[in-house]
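**Q** So I've got this file, upload_2.csv, and it contains CSV, C-alpha atoms:
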```
chain,number,residue,atom,x,y,z
A,281,MET,CA,-91.5,-60.0,-62.9
A,282,SER,CA,-88.3,-58.3,-61.7
A,283,SER,CA,-85.5,-60.4,-60.2
A,284,PRO,CA,-84.2,-59.6,-56.7
A,285,GLY,CA,-80.9,-58.4,-58.2
A,286,GLN,CA,-82.8,-56.0,-60.6
A,287,ILE,CA,-84.9,-54.7,-57.7
A,288,LEU,CA,-81.8,-54.0,-55.7
A,289,LYS,CA,-80.1,-52.1,-58.6
A,290,GLU,CA,-83.3,-50.1,-59.3
A,291,ASN,CA,-84.1,-49.1,-55.7
A,292,VAL,CA,-80.5,-48.2,-54.8
A,293,TRP,CA,-79.4,-46.6,-58.1
A,294,THR,CA,-81.6,-46.3,-61.3
A,295,ASN,CA,-84.8,-45.6,-59.5
A,296,ASN,CA,-83.5,-44.4,-56.1
A,297,PRO,CA,-86.3,-43.1,-53.9
A,298,ILE,CA,-84.5,-39.8,-53.1
A,299,PHE,CA,-82.7,-38.7,-56.3
A,300,MET,CA,-84.9,-40.3,-58.9
A,301,GLN,CA,-88.4,-40.4,-57.4
A,302,VAL,CA,-87.7,-37.4,-55.1
A,303,LEU,CA,-89.7,-38.9,-52.2
A,304,GLY,CA,-89.0,-38.8,-48.5
A,305,ILE,CA,-87.4,-35.3,-48.9
A,306,CYS,CA,-88.8,-33.8,-45.6
A,307,SER,CA,-87.0,-36.4,-43.4
A,308,ALA,CA,-83.9,-36.0,-45.6
A,309,LEU,CA,-83.8,-32.3,-44.6
A,310,ALA,CA,-84.8,-32.8,-41.0
A,311,VAL,CA,-82.6,-35.7,-39.7
A,312,THR,CA,-79.4,-35.4,-41.6
A,313,ASN,CA,-77.5,-33.0,-39.4
A,314,LEU,CA,-76.4,-35.9,-37.1
A,315,LEU,CA,-75.3,-39.3,-38.3
A,316,THR,CA,-76.7,-41.2,-35.3
A,317,ASN,CA,-80.2,-39.8,-35.9
A,318,THR,CA,-79.9,-40.6,-39.6
A,319,VAL,CA,-78.9,-44.2,-39.0
A,320,ILE,CA,-81.8,-44.9,-36.6
A,321,MET,CA,-84.3,-43.0,-38.7
A,322,THR,CA,-83.3,-44.9,-41.9
A,323,LEU,CA,-83.3,-48.3,-40.1
A,324,GLY,CA,-86.8,-47.5,-38.9
A,325,VAL,CA,-87.9,-46.6,-42.4
A,326,THR,CA,-86.4,-49.7,-43.8
A,327,PHE,CA,-88.1,-52.0,-41.2
A,328,THR,CA,-91.4,-50.3,-41.7
A,329,THR,CA,-91.3,-50.4,-45.5
A,330,ALA,CA,-90.3,-54.0,-45.5
A,331,MET,CA,-92.9,-55.2,-43.0
A,332,SER,CA,-95.7,-53.0,-44.5
A,333,SER,CA,-94.9,-54.2,-48.0
A,334,LEU,CA,-95.0,-57.8,-46.8
A,335,THR,CA,-98.3,-57.3,-45.0
A,336,VAL,CA,-100.0,-55.4,-47.9
A,337,SER,CA,-98.8,-58.1,-50.4
A,338,LEU,CA,-100.2,-60.9,-48.2
A,339,LEU,CA,-103.6,-59.0,-48.0
A,340,ARG,CA,-103.5,-57.7,-51.6
A,341,ASN,CA,-106.1,-60.1,-53.0
A,342,TYR,CA,-108.6,-59.2,-50.2
A,343,ILE,CA,-108.3,-55.4,-49.9
A,344,PRO,CA,-111.2,-53.6,-51.7
A,345,ARG,CA,-109.7,-51.1,-54.2
A,346,LYS,CA,-111.8,-48.2,-52.8
A,347,ILE,CA,-110.2,-48.4,-49.4
A,348,ARG,CA,-106.7,-49.7,-50.3
A,349,MET,CA,-104.8,-46.5,-49.4
A,350,ILE,CA,-106.5,-46.1,-46.0
A,351,VAL,CA,-105.7,-49.8,-45.3
A,352,GLN,CA,-102.1,-49.2,-46.3
A,353,THR,CA,-101.9,-46.2,-44.0
A,354,LEU,CA,-103.3,-48.3,-41.2
A,355,ILE,CA,-100.7,-51.0,-41.7
A,356,ILE,CA,-97.8,-48.5,-41.9
A,357,ALA,CA,-99.0,-46.8,-38.7
A,358,PHE,CA,-99.3,-50.2,-37.0
A,359,TYR,CA,-95.6,-51.0,-37.6
A,360,VAL,CA,-94.4,-47.5,-36.7
A,361,ILE,CA,-96.3,-47.7,-33.4
A,362,ILE,CA,-94.9,-51.2,-32.7
A,363,VAL,CA,-91.3,-49.8,-33.2
A,364,ASP,CA,-92.2,-47.0,-30.9
A,365,ILE,CA,-93.6,-49.3,-28.2
A,366,LEU,CA,-90.6,-51.6,-28.4
A,367,LEU,CA,-88.1,-48.8,-28.1
A,368,ARG,CA,-90.0,-47.2,-25.1
A,369,ALA,CA,-90.0,-50.6,-23.3
A,370,TYR,CA,-86.6,-52.0,-24.1
A,371,LEU,CA,-84.4,-49.2,-25.3
A,372,PRO,CA,-85.8,-46.2,-23.3
A,373,ASP,CA,-82.6,-44.0,-23.8
A,374,ILE,CA,-82.7,-44.3,-27.6
A,375,SER,CA,-86.4,-43.7,-27.5
A,376,ARG,CA,-85.9,-40.5,-25.6
A,377,GLN,CA,-83.1,-39.4,-28.0
A,378,LEU,CA,-85.2,-39.9,-31.0
A,379,GLY,CA,-88.2,-38.1,-29.6
A,380,PRO,CA,-90.7,-37.3,-32.5
A,381,TYR,CA,-88.6,-39.0,-35.2
A,382,VAL,CA,-90.1,-42.4,-34.8
A,383,GLY,CA,-93.7,-41.2,-35.2
A,384,LEU,CA,-92.6,-39.2,-38.3
A,385,ILE,CA,-91.8,-42.4,-40.2
A,386,ILE,CA,-95.6,-42.7,-40.8
A,387,THR,CA,-95.4,-39.6,-43.0
A,388,ASN,CA,-92.5,-40.9,-45.2
A,389,CYS,CA,-93.9,-41.0,-48.8
A,390,ILE,CA,-91.4,-43.8,-49.8
A,391,ILE,CA,-93.4,-46.3,-47.8
A,392,MET,CA,-96.8,-45.5,-49.3
A,393,GLY,CA,-95.1,-45.2,-52.7
A,394,ARG,CA,-93.7,-48.8,-52.5
A,395,MET,CA,-97.1,-50.2,-51.3
A,396,GLU,CA,-98.8,-48.7,-54.4
A,397,ALA,CA,-96.1,-49.2,-56.9
A,398,PHE,CA,-95.0,-52.7,-55.9
A,399,ALA,CA,-96.5,-54.6,-53.0
A,400,GLN,CA,-100.0,-54.2,-54.3
A,401,SER,CA,-99.2,-56.3,-57.4
A,402,ASN,CA,-96.3,-58.6,-56.3
A,403,PRO,CA,-95.7,-61.7,-54.1
A,404,PRO,CA,-94.9,-61.2,-50.4
A,405,LEU,CA,-91.2,-62.1,-50.2
A,406,LEU,CA,-90.3,-60.0,-53.2
A,407,SER,CA,-92.3,-57.1,-51.8
A,408,ALA,CA,-90.5,-57.3,-48.5
A,409,TRP,CA,-87.2,-57.3,-50.5
A,410,ASP,CA,-88.4,-54.3,-52.4
A,411,GLY,CA,-89.1,-52.6,-49.1
A,412,ILE,CA,-85.6,-53.4,-47.7
A,413,THR,CA,-83.8,-52.3,-50.9
A,414,SER,CA,-85.8,-49.0,-51.0
A,415,GLY,CA,-84.8,-48.4,-47.4
A,416,ILE,CA,-81.1,-49.1,-48.4
A,417,GLY,CA,-81.4,-46.6,-51.3
A,418,TYR,CA,-82.9,-44.0,-48.9
A,419,MET,CA,-80.2,-44.7,-46.3
A,420,ALA,CA,-77.3,-44.4,-48.8
A,421,VAL,CA,-78.3,-40.9,-49.9
A,422,LEU,CA,-79.2,-39.7,-46.4
A,423,MET,CA,-76.0,-41.0,-44.9
A,424,THR,CA,-73.9,-39.3,-47.6
A,425,ILE,CA,-75.6,-35.9,-46.8
A,426,ALA,CA,-75.3,-36.6,-43.0
A,427,VAL,CA,-71.6,-37.3,-43.2
A,428,ILE,CA,-71.0,-33.9,-44.9
A,429,ARG,CA,-73.4,-32.0,-42.6
A,430,GLU,CA,-72.1,-33.4,-39.3
A,431,LEU,CA,-68.4,-33.2,-40.3
A,432,LEU,CA,-68.7,-29.5,-41.4
A,433,GLY,CA,-71.4,-28.5,-39.0
A,434,PHE,CA,-70.1,-30.1,-35.8
A,435,GLY,CA,-66.6,-31.3,-36.8
A,436,SER,CA,-67.5,-34.8,-35.8
A,437,LEU,CA,-68.9,-38.1,-37.1
A,438,PHE,CA,-71.2,-40.2,-34.8
A,439,GLY,CA,-70.4,-37.6,-32.1
A,440,ILE,CA,-66.7,-38.4,-32.3
A,441,ARG,CA,-64.5,-35.3,-32.9
A,442,ILE,CA,-62.7,-35.7,-36.3
A,443,MET,CA,-61.8,-32.2,-37.4
A,444,PRO,CA,-58.8,-30.4,-35.7
A,445,ALA,CA,-59.4,-28.3,-32.6
A,446,ASN,CA,-59.0,-25.0,-34.5
A,447,PHE,CA,-61.7,-26.0,-37.0
A,448,ILE,CA,-64.6,-23.4,-37.1
A,449,PRO,CA,-67.9,-25.3,-37.6
A,450,TRP,CA,-70.1,-24.1,-40.5
A,451,THR,CA,-73.3,-23.1,-38.7
A,452,ILE,CA,-75.3,-23.3,-42.0
A,453,MET,CA,-74.6,-27.1,-42.1
A,454,VAL,CA,-76.5,-27.6,-38.9
A,455,SER,CA,-79.6,-25.9,-40.2
A,456,ALA,CA,-82.1,-27.2,-42.8
A,457,PRO,CA,-81.1,-24.9,-45.8
A,458,SER,CA,-77.7,-26.8,-46.1
A,459,ALA,CA,-79.7,-30.0,-46.7
A,460,PHE,CA,-81.5,-28.3,-49.7
A,461,PHE,CA,-78.1,-27.4,-51.3
A,462,LEU,CA,-76.5,-30.8,-50.6
A,463,LEU,CA,-79.6,-32.7,-51.8
A,464,GLY,CA,-79.6,-30.6,-55.0
A,465,ILE,CA,-75.9,-31.4,-55.5
A,466,VAL,CA,-76.5,-35.1,-54.9
A,467,ILE,CA,-79.4,-35.2,-57.4
A,468,TRP,CA,-77.3,-33.3,-59.9
A,469,ILE,CA,-74.3,-35.7,-59.5
A,470,GLY,CA,-76.5,-38.8,-59.5
A,471,LYS,CA,-78.4,-37.8,-62.7
A,472,THR,CA,-75.2,-36.7,-64.5
A,473,ILE,CA,-73.6,-40.1,-63.9
A,474,MET,CA,-76.8,-41.9,-64.9
A,475,ASN,CA,-77.0,-39.8,-68.1
A,476,ARG,CA,-73.4,-40.7,-69.0
A,477,GLU,CA,-74.1,-44.4,-68.3
A,478,GLY,CA,-77.1,-44.1,-70.6
A,479,ALA,CA,-75.2,-42.4,-73.3
A,480,ALA,CA,-72.4,-45.0,-73.1
A,481,ALA,CA,-74.9,-47.8,-73.4
B,45,MET,CA,-119.0,-62.1,-52.0
B,46,ASN,CA,-118.4,-59.1,-54.3
B,47,LYS,CA,-115.0,-57.7,-53.1
B,48,GLN,CA,-115.8,-54.2,-54.4
B,49,GLY,CA,-119.3,-54.2,-52.9
B,50,ILE,CA,-120.3,-51.9,-50.0
B,51,VAL,CA,-121.0,-54.7,-47.5
B,52,TYR,CA,-117.6,-56.4,-48.0
B,53,THR,CA,-115.8,-53.1,-47.9
B,54,VAL,CA,-117.4,-52.1,-44.6
B,55,LEU,CA,-116.8,-55.6,-43.1
B,56,PHE,CA,-113.2,-55.7,-44.3
B,57,ALA,CA,-112.5,-52.2,-43.0
B,58,PHE,CA,-114.0,-53.1,-39.6
B,59,LEU,CA,-112.1,-56.4,-39.4
B,60,VAL,CA,-108.7,-55.1,-40.4
B,61,SER,CA,-109.0,-52.1,-38.0
B,62,PHE,CA,-110.1,-54.4,-35.2
B,63,VAL,CA,-107.2,-56.8,-35.7
B,64,PHE,CA,-104.5,-54.2,-35.9
B,65,VAL,CA,-105.8,-52.1,-33.0
B,66,LEU,CA,-106.2,-55.3,-30.9
B,67,LEU,CA,-102.6,-56.2,-31.6
B,68,LEU,CA,-101.4,-52.6,-30.7
B,69,ALA,CA,-103.5,-52.6,-27.6
B,70,SER,CA,-102.0,-55.9,-26.5
B,71,ALA,CA,-98.5,-54.8,-27.2
B,72,ASP,CA,-99.1,-51.6,-25.2
B,73,HIS,CA,-100.7,-53.6,-22.4
B,74,LEU,CA,-97.8,-56.1,-22.2
B,75,THR,CA,-95.2,-53.4,-22.0
B,76,LYS,CA,-97.1,-51.0,-19.8
B,77,VAL,CA,-95.4,-51.9,-16.5
B,78,ARG,CA,-92.0,-51.9,-18.0
B,79,VAL,CA,-92.6,-48.5,-19.7
B,80,GLU,CA,-93.9,-47.1,-16.4
B,81,GLU,CA,-90.8,-48.4,-14.6
B,82,ASN,CA,-88.5,-46.8,-17.2
B,83,ARG,CA,-90.3,-43.5,-16.8
B,84,THR,CA,-90.0,-43.5,-13.0
B,85,ILE,CA,-86.3,-44.4,-13.3
B,86,ALA,CA,-85.8,-41.6,-15.9
B,87,ILE,CA,-87.4,-39.0,-13.7
B,88,ARG,CA,-85.4,-40.1,-10.6
B,89,ARG,CA,-82.2,-40.1,-12.6
B,90,ALA,CA,-83.0,-36.6,-13.8
B,91,ILE,CA,-83.5,-35.4,-10.2
B,92,LEU,CA,-80.3,-37.1,-9.1
B,93,ASN,CA,-78.3,-35.6,-12.0
B,94,ALA,CA,-79.7,-32.1,-11.2
B,95,LEU,CA,-78.7,-32.6,-7.6
B,96,ALA,CA,-75.1,-33.5,-8.8
B,97,LEU,CA,-75.6,-37.2,-7.8
B,98,PRO,CA,-75.2,-38.8,-11.3
B,99,SER,CA,-76.4,-42.4,-11.3
B,100,ALA,CA,-75.8,-44.7,-14.2
B,101,THR,CA,-77.6,-48.0,-13.6
B,102,PRO,CA,-81.2,-48.4,-12.4
B,103,GLU,CA,-79.9,-50.0,-9.2
B,104,GLU,CA,-77.7,-47.0,-8.6
B,105,VAL,CA,-80.6,-44.7,-9.2
B,106,GLU,CA,-82.8,-46.6,-6.6
B,107,ARG,CA,-79.9,-46.6,-4.1
B,108,ASN,CA,-79.1,-42.9,-4.4
B,109,PHE,CA,-82.8,-41.8,-4.5
B,110,GLU,CA,-83.3,-43.3,-1.1
B,111,THR,CA,-81.1,-40.5,0.3
B,112,VAL,CA,-83.4,-37.8,-1.3
B,113,GLU,CA,-86.2,-36.4,0.8
B,114,THR,CA,-89.4,-35.3,-1.0
B,115,ILE,CA,-91.1,-32.2,0.5
B,116,GLU,CA,-94.5,-31.1,-0.6
B,117,ARG,CA,-95.1,-27.3,-0.6
B,118,GLY,CA,-98.7,-26.7,-1.7
B,119,ASP,CA,-98.8,-28.1,-5.2
B,120,THR,CA,-95.1,-28.1,-5.6
B,121,ARG,CA,-92.8,-31.0,-4.8
B,122,ILE,CA,-89.2,-30.3,-3.8
B,123,TYR,CA,-86.4,-32.8,-3.6
B,124,ARG,CA,-83.8,-32.3,-0.9
B,125,THR,CA,-80.6,-34.0,0.1
B,126,VAL,CA,-77.2,-33.2,1.6
B,127,ILE,CA,-74.1,-33.6,-0.4
B,128,ASP,CA,-70.7,-33.2,1.4
B,129,GLY,CA,-72.5,-31.5,4.2
B,130,ARG,CA,-74.1,-29.0,1.9
B,131,PRO,CA,-77.9,-29.1,1.6
B,132,VAL,CA,-79.2,-29.0,-2.0
B,133,VAL,CA,-82.7,-28.9,-3.5
B,134,ALA,CA,-84.2,-29.7,-6.9
B,135,LYS,CA,-87.6,-28.9,-8.4
B,136,GLU,CA,-89.3,-29.9,-11.6
B,137,PHE,CA,-89.9,-27.0,-14.0
B,138,SER,CA,-91.9,-26.6,-17.2
B,139,GLY,CA,-91.9,-23.6,-19.5
B,140,SER,CA,-92.6,-22.6,-23.1
B,141,GLY,CA,-90.0,-23.4,-25.7
B,142,LEU,CA,-90.1,-22.6,-29.4
B,143,TRP,CA,-92.3,-25.6,-30.5
B,144,GLY,CA,-93.7,-26.8,-27.2
B,145,THR,CA,-93.2,-27.2,-23.5
B,146,ILE,CA,-89.7,-27.8,-22.1
B,147,THR,CA,-89.9,-29.9,-18.9
B,148,GLY,CA,-86.9,-30.6,-16.7
B,149,ILE,CA,-85.3,-30.5,-13.2
B,150,LEU,CA,-83.2,-27.7,-11.9
B,151,GLY,CA,-81.0,-28.2,-8.8
B,152,VAL,CA,-79.6,-25.5,-6.6
B,153,THR,CA,-77.8,-25.2,-3.3
B,154,ALA,CA,-80.3,-24.5,-0.5
B,155,ASP,CA,-78.7,-21.1,0.2
B,156,LEU,CA,-79.5,-20.3,-3.5
B,157,GLN,CA,-75.9,-19.3,-4.1
B,158,ARG,CA,-75.2,-21.8,-6.9
B,159,THR,CA,-77.0,-24.2,-9.3
B,160,THR,CA,-76.0,-27.8,-8.9
B,161,GLY,CA,-77.2,-28.9,-12.3
B,162,ILE,CA,-80.0,-29.1,-14.8
B,163,GLU,CA,-81.7,-32.0,-16.6
B,164,ILE,CA,-84.1,-31.9,-19.5
B,165,ILE,CA,-86.9,-34.5,-19.2
B,166,ALA,CA,-89.0,-33.6,-22.3
B,167,GLN,CA,-88.7,-31.0,-25.1
B,168,ASN,CA,-89.9,-30.6,-28.7
B,169,GLU,CA,-87.3,-28.2,-29.9
B,170,THR,CA,-85.8,-28.3,-33.4
B,171,PRO,CA,-83.6,-31.4,-33.7
B,172,GLY,CA,-79.9,-30.4,-34.1
B,173,LEU,CA,-80.6,-26.8,-33.0
B,174,GLY,CA,-82.8,-26.0,-30.0
B,175,ALA,CA,-82.9,-29.7,-29.0
B,176,ARG,CA,-79.2,-29.4,-28.2
B,177,ILE,CA,-80.2,-28.0,-24.8
B,178,GLY,CA,-80.5,-31.7,-23.8
B,179,GLU,CA,-76.8,-32.3,-24.7
B,180,ASP,CA,-74.1,-32.6,-22.0
B,181,TRP,CA,-72.0,-29.7,-23.1
B,182,PHE,CA,-75.1,-27.4,-22.6
B,183,LYS,CA,-76.2,-28.9,-19.3
B,184,LYS,CA,-72.7,-28.9,-17.8
B,185,GLN,CA,-72.6,-25.1,-17.9
B,186,LEU,CA,-75.1,-25.2,-15.0
B,187,VAL,CA,-73.0,-27.4,-12.8
B,188,ASN,CA,-71.8,-25.3,-9.8
B,189,GLU,CA,-72.6,-22.1,-11.5
B,190,ARG,CA,-72.8,-19.0,-9.3
B,191,ILE,CA,-76.3,-17.3,-9.1
B,192,VAL,CA,-75.6,-13.6,-9.5
B,193,ASP,CA,-78.3,-11.3,-8.1
B,194,GLY,CA,-80.8,-14.1,-8.1
B,195,ARG,CA,-80.2,-14.8,-11.9
B,196,ILE,CA,-78.3,-16.9,-14.3
B,197,ARG,CA,-77.9,-15.1,-17.6
B,198,VAL,CA,-78.0,-16.7,-21.1
B,199,GLY,CA,-75.3,-14.9,-23.0
B,200,SER,CA,-74.2,-15.0,-26.7
B,201,ALA,CA,-74.1,-18.3,-28.6
B,202,GLY,CA,-71.0,-20.4,-28.1
B,203,ASP,CA,-69.5,-23.8,-27.2
B,204,GLY,CA,-70.2,-23.6,-23.5
B,205,ASP,CA,-69.3,-21.1,-20.8
B,206,TYR,CA,-67.6,-23.1,-18.1
B,207,ASP,CA,-66.6,-20.3,-15.8
B,208,PRO,CA,-68.6,-21.1,-12.7
B,209,GLU,CA,-68.2,-17.6,-11.2
B,210,ASN,CA,-69.7,-15.3,-13.8
B,211,GLY,CA,-73.4,-16.5,-13.6
B,212,ILE,CA,-73.5,-16.7,-17.4
B,213,ILE,CA,-74.1,-19.6,-19.8
B,214,ASP,CA,-73.7,-19.8,-23.5
B,215,ALA,CA,-76.7,-19.9,-25.8
B,216,VAL,CA,-77.0,-22.6,-28.5
B,217,THR,CA,-75.8,-21.5,-31.9
B,218,GLY,CA,-78.7,-21.1,-34.3
B,219,ALA,CA,-81.3,-21.5,-31.6
B,220,SER,CA,-81.8,-18.0,-30.2
B,221,ARG,CA,-85.6,-18.6,-29.4
B,222,THR,CA,-84.9,-21.8,-27.5
B,223,SER,CA,-82.0,-20.2,-25.7
B,224,ASP,CA,-84.2,-17.2,-24.7
B,225,ALA,CA,-86.8,-19.6,-23.5
B,226,ILE,CA,-84.2,-21.3,-21.2
B,227,GLY,CA,-83.3,-17.8,-19.9
B,228,VAL,CA,-86.9,-17.1,-19.0
B,229,ILE,CA,-87.3,-20.6,-17.4
B,230,LEU,CA,-84.2,-20.1,-15.3
B,231,ASP,CA,-85.4,-16.6,-14.1
B,232,THR,CA,-88.8,-18.0,-13.2
B,233,GLU,CA,-87.5,-21.1,-11.5
B,234,LEU,CA,-84.9,-19.2,-9.4
B,235,LYS,CA,-87.6,-16.8,-8.3
B,236,THR,CA,-90.0,-19.6,-7.4
B,237,LEU,CA,-87.3,-21.5,-5.5
B,238,SER,CA,-86.4,-18.4,-3.6
B,239,GLU,CA,-90.1,-18.0,-2.6
B,240,LEU,CA,-90.4,-21.6,-1.6
B,241,ILE,CA,-87.2,-22.2,0.3
B,242,GLY,CA,-86.2,-18.6,1.1
B,243,GLY,CA,-82.5,-19.3,0.4
B,244,ASN,CA,-81.7,-20.3,3.9
B,245,GLN,CA,-82.5,-24.0,4.3
```
If you took the structure in this file and wrote it as structure tokens, what would it be?
**A**
Amino acid sequence: MSSPGQILKENVWTNNPIFMQVLGICSALAVTNLLTNTVIMTLGVTFTTAMSSLTVSLLRNYIPRKIRMIVQTLIIAFYVIIVDILLRAYLPDISRQLGPYVGLIITNCIIMGRMEAFAQSNPPLLSAWDGITSGIGYMAVLMTIAVIRELLGFGSLFGIRIMPANFIPWTIMVSAPSAFFLLGIVIWIGKTIMNREGAAA
Amino acid sequence: MNKQGIVYTVLFAFLVSFVFVLLLASADHLTKVRVEENRTIAIRRAILNALALPSATPEEVERNFETVETIERGDTRIYRTVIDGRPVVAKEFSGSGLWGTITGILGVTADLQRTTGIEIIAQNETPGLGARIGEDWFKKQLVNERIVDGRIRVGSAGDGDYDPENGIIDAVTGASRTSDAIGVILDTELKTLSELIGGNQ
């Protein structure tokens, strides 16, 4: 069984959900043009992955194999709707800003991927840790892309103006194609570094 | 009991669905009143913003909304108040955007010479592009904007046209379809308001 340290290293670096497993790409393209949206979306994904992994792991010995994926989907949807209800009741302004983002967490392949690959065959706390670290790995890549896109697309970070007044925003950075290019570059850099590390070892 | 058998599978599926749906229904029920209050405050705040009576806290919203008179005209509800001796009215609108319906409140002076403001209540436009119609820089263009020949025109894309005399607002960069939709909504609403209040109240 993997140790918590190993799980952290794998999920953030050697088996990163975005640039190694290439999962969760749709949201990586959709939400990364503004840092605030990226932070809240990735926090939502981290919470949902951790709680769903914990629940699936607790129930893993009782779930019939034939219906395990539909049960996993039910559990993921449950936590996403709970996040949505809490935001609507206690943080209505944030809930309004996020709009459809929260519901879209259900469709993130990373969550289902971790249920199948890890939570289904590991103890609850370790599964929750796997969920948290997968969320961190996802967050790290999305935040990197979002910093570049918001800075060049809007000249700001977290809505605060950073670039000089005469800076001309790059319109392409606001639209989805720029995320394709940036994601490709991130995957290229990540894999190159990893190959060098592998060659050195 | 055989955990892979049909009876266990059906019972498990029923039980797990029942428990999670019960928990969700309970969470929804417990927060229902609060969510409804938040919704009422959000709509009232939008009306006040459109009437150029910005209100930050829920208490302020309640206090300022007491000065607003609600008038029923057939199926339409108009909100009327007097600011600095000048009668102003607001009306809820909804129109087709790129991905769905855009709902909001438009405020105008009762003589239909100027708009007082606009507030977007709900929209499903592209995040980071069309959805920017909900941002302050866009909405501020319609504060005290002169209505020229019964119209406000949506011009070319830009950072915001803050000349209150030209009757033109900037479109959102990279979101021509949503900007066009706003143009159509403004035309329709100004026409409807002109029919409802006749531009002389």
**Q** Do a neighbour search on Gln301 in chain A at 10 Å with only C-alpha atoms, toss out local chain neighbours closer than 5 positions, and write the hits as a PyMOL selection string.
**A** chain A and resi 291+294-296+390+393
**Q** Which is closest to chain A among B:Trp143, B:Phe109, B:Tyr123, B:Phe137, if we use only C-alpha atoms?
**A** B:Trp143
**Q** Select all residues from chain B having any atom no more than 7 Å from an atom of chain A (counting all atoms listed in the file, ignoring ligands), output as a PyMOL selection string.
**A** chain B and resi 47-48+53+64+68+72+75+78-79+82+172
**Q** What lies within 7 Å of Ala225 in chain B using all atoms listed in the file, ignoring chain neighbours under 4 positions off, as a PyMOL selection string?
**A** chain B and resi 140-141+221+229
**Q** For Ala175 in chain B, please output as number ranges by chain all residues within 12 Å (counting all atoms listed in the file; exclusion window: fewer than 4 positions along the same chain).
**A** A: 376-380, 454; B: 141-146, 164-171, 179-180, 182-183, 216-223, 226
**Q** Can you give me all heavy atoms for range 307-311 of chain A, written as a short mmCIF file (atom, residue, chain, number, x, y, z; two decimals), in the coordinates of the input?
**A**
```cif
data_model
loop_
_atom_site.label_atom_id
_atom_site.label_comp_id
_atom_site.auth_asym_id
_atom_site.auth_seq_id
_atom_site.Cartn_x
_atom_site.Cartn_y
_atom_site.Cartn_z
N SER A 307 -87.87 -35.76 -44.45
CA SER A 307 -87.00 -36.40 -43.40
C SER A 307 -85.54 -36.21 -43.86
O SER A 307 -84.65 -36.11 -43.02
CB SER A 307 -87.35 -37.82 -43.21
OG SER A 307 -87.35 -38.51 -44.44
N ALA A 308 -85.27 -36.18 -45.19
CA ALA A 308 -83.90 -36.00 -45.60
C ALA A 308 -83.35 -34.65 -45.18
O ALA A 308 -82.18 -34.51 -44.88
CB ALA A 308 -83.81 -36.11 -47.16
N LEU A 309 -84.24 -33.66 -45.07
CA LEU A 309 -83.80 -32.30 -44.60
C LEU A 309 -83.73 -32.31 -43.09
O LEU A 309 -82.84 -31.69 -42.52
CB LEU A 309 -84.82 -31.27 -45.07
CG LEU A 309 -85.09 -31.14 -46.57
CD1 LEU A 309 -86.11 -30.05 -46.81
CD2 LEU A 309 -83.82 -30.83 -47.33
N ALA A 310 -84.66 -32.98 -42.44
CA ALA A 310 -84.80 -32.80 -41.00
C ALA A 310 -83.75 -33.61 -40.18
O ALA A 310 -83.24 -33.10 -39.20
CB ALA A 310 -86.19 -33.26 -40.55
N VAL A 311 -83.45 -34.83 -40.58
CA VAL A 311 -82.60 -35.70 -39.70
C VAL A 311 -81.17 -35.78 -40.04
O VAL A 311 -80.41 -36.44 -39.35
CB VAL A 311 -83.21 -37.11 -39.56
CG1 VAL A 311 -84.64 -37.11 -39.09
CG2 VAL A 311 -83.05 -37.88 -40.86
#
```
